[in-house]
Amino acid sequence: MTRPPSSAPVTPEALRGRYPDELERTWQPAGAHAVTIRALRHADLALERRFIEALSPETLYLRVQYFATTASERDLERLLDLDYYDRLAVGGITQDATGETLVGVSRYARIEGMRRAECAIVVADGWQGRGLGTELMRTLATAAQARAIDCLEGTTLAENARIAAWARRFGFSVRTEPNSGGLVVVRMDLQGPAQSAE
């Protein structure tokens, strides 16, 4: 007897192209507005643009995926070209009288044909040190595991000691890439539990 589709197990591949509304939740940090954590959509182009433009020069320099204080339409299209399987971005969004504000983003992009993905995280300057990065990365790791990704890896600059320390607390291994001018590689095996980090 054929099992009804509604009770069929969900395979990782079946998640491709489907917006992951199961990732959406509200996170309430101490002493700050509630943050909606959810997967980003193509319709969030304006939110992403304002987020990038509001980052400080130091944050832009230390987080190598953003190279300028403004993003071209092509850059934004690339950042939000998401299929929710090989490419996924999770945002932290606040709401006030002026509307929505994106205050942090974690994202991954699968390395083609592999169960590994490159990941990155950026948190708005005013939200750094509050635990938002941990919430975003925890959500991203959960989503990656469900999508047949066994390892997340990323790079940062050697002078970004703060993110390297955070990555260690979260559960990433951290090492300096030989002959790279000080580029630091972080890697996390998703077969093990993610750690707490601040």
# chains A, B, ... in the order shown; residues from 1 in each chain; ligands from 1
call {"tool": "residues_around", "arguments": {"residues": "A:Glu100", "least_positions_apart": "6", "cutoff": "12 Å", "atoms": "only C-alpha atoms", "output": "tab-separated table (two decimals) with N, CA and C atoms, in the first residue's frame"}}
result
chain	number	residue	atom	x	y	z
A	33	HIS	N	14.71	45.38	21.85
A	33	HIS	CA	13.51	45.00	21.12
A	33	HIS	C	13.56	43.52	20.75
A	34	ALA	N	12.39	42.92	20.64
A	34	ALA	CA	12.30	41.54	20.15
A	34	ALA	C	12.82	41.48	18.72
A	35	VAL	N	13.42	40.36	18.39
A	35	VAL	CA	13.99	40.15	17.06
A	35	VAL	C	13.27	38.96	16.42
A	36	THR	N	12.77	39.17	15.21
A	36	THR	CA	12.23	38.07	14.43
A	36	THR	C	13.37	37.44	13.66
A	44	ASP	N	13.40	40.96	0.27
A	44	ASP	CA	14.11	41.69	1.33
A	44	ASP	C	15.29	42.50	0.79
A	46	ALA	N	15.56	45.60	-0.16
A	46	ALA	CA	15.71	46.92	0.45
A	46	ALA	C	16.25	46.80	1.88
A	47	LEU	N	15.79	45.81	2.63
A	47	LEU	CA	16.30	45.58	3.98
A	47	LEU	C	17.79	45.28	3.95
A	48	GLU	N	18.21	44.43	3.02
A	48	GLU	CA	19.63	44.07	2.91
A	48	GLU	C	20.47	45.29	2.54
A	50	ARG	N	19.85	48.52	3.15
A	50	ARG	CA	19.98	49.43	4.29
A	50	ARG	C	20.90	48.85	5.37
A	51	PHE	N	20.86	47.53	5.54
A	51	PHE	CA	21.73	46.87	6.51
A	51	PHE	C	23.20	47.09	6.15
A	91	GLY	N	18.01	35.98	8.64
A	91	GLY	CA	18.14	37.35	9.13
A	91	GLY	C	17.51	37.55	10.49
A	92	GLY	N	18.02	38.52	11.22
A	92	GLY	CA	17.40	38.99	12.45
A	92	GLY	C	16.79	40.35	12.17
A	93	ILE	N	15.49	40.51	12.41
A	93	ILE	CA	14.76	41.71	11.99
A	93	ILE	C	14.02	42.30	13.18
A	94	THR	N	14.19	43.60	13.40
A	94	THR	CA	13.44	44.30	14.44
A	94	THR	C	12.35	45.13	13.78
call {"tool": "residues_around", "arguments": {"residues": "A:Asp83", "least_positions_apart": "4", "cutoff": "8 Å", "atoms": "only C-alpha atoms", "output": "VMD selection string"}}
result
chain A and resid 16 to 18 87 to 88
call {"tool": "atom_distance", "arguments": {"atom1": "atom CA of A:Cys151", "atom2": "atom CA of A:Arg115"}}
result
6.8 Å
call {"tool": "closest_residue", "arguments": {"among": "A:Tyr19, A:Trp166, A:Ala43, A:Ala89", "to": "A:Gly131", "atoms": "only C-alpha atoms"}}
result
A:Trp166
call {"tool": "closest_residue", "arguments": {"among": "A:Ala124, A:Ala161, A:Leu79, A:Ala143", "to": "A:Leu40", "atoms": "only C-alpha atoms"}}
result
A:Leu79
call {"tool": "select_by_dssp", "arguments": {"residues": "stretch 41-117 of chain A", "states": "strand (DSSP E)", "output": "number ranges by chain"}}
result
A: 87-96, 99-110, 116-117
call {"tool": "closest_residue", "arguments": {"among": "A:Met114, A:Leu76, A:Val123, A:Leu62", "to": "A:Val184", "atoms": "only C-alpha atoms"}}
result
A:Leu62
call {"tool": "residues_around", "arguments": {"residues": "A:Ser106", "least_positions_apart": "4", "cutoff": "8 Å", "atoms": "only C-alpha atoms", "output": "NGL selection string"}}
result
:A and (89-91 or 119-122 or 133 or 136-137 or 140)
call {"tool": "select_by_dssp", "arguments": {"residues": "chain A", "states": "helix (DSSP H, G or I)", "output": "VMD selection string"}}
result
chain A and resid 5 to 7 12 to 15 21 to 23 42 to 54 57 to 62 73 to 79 125 to 127 132 to 146 161 to 170
call {"tool": "closest_residue", "arguments": {"among": "A:Leu132, A:Ala148, A:Val174, A:Ala71", "to": "A:Arg49", "atoms": "only C-alpha atoms"}}
result
A:Ala71
call {"tool": "residues_around", "arguments": {"residues": "A:Asp86", "least_positions_apart": "5", "cutoff": "9 Å", "atoms": "only C-alpha atoms", "output": "short mmCIF file (atom, residue, chain, number, x, y, z; two decimals) with C-alpha atoms, in the first residue's frame"}}
result
data_model
loop_
_atom_site.label_atom_id
_atom_site.label_comp_id
_atom_site.auth_asym_id
_atom_site.auth_seq_id
_atom_site.Cartn_x
_atom_site.Cartn_y
_atom_site.Cartn_z
CA ARG A 16 14.82 22.89 -2.27
CA TYR A 108 25.64 29.59 3.71
CA ALA A 109 26.33 28.50 0.15
CA ARG A 110 26.93 24.83 -0.55
CA ILE A 111 30.20 23.94 -2.25
CA GLU A 112 28.95 22.38 -5.48
CA ALA A 117 29.09 24.86 2.66
CA ALA A 144 22.05 23.18 7.11
CA ARG A 147 19.62 19.98 4.08
CA ILE A 149 25.23 19.67 4.92
#
call {"tool": "closest_residue", "arguments": {"among": "A:Glu177, A:Glu135, A:Arg78, A:Ala141", "to": "A:Arg25", "atoms": "only C-alpha atoms"}}
result
A:Glu135
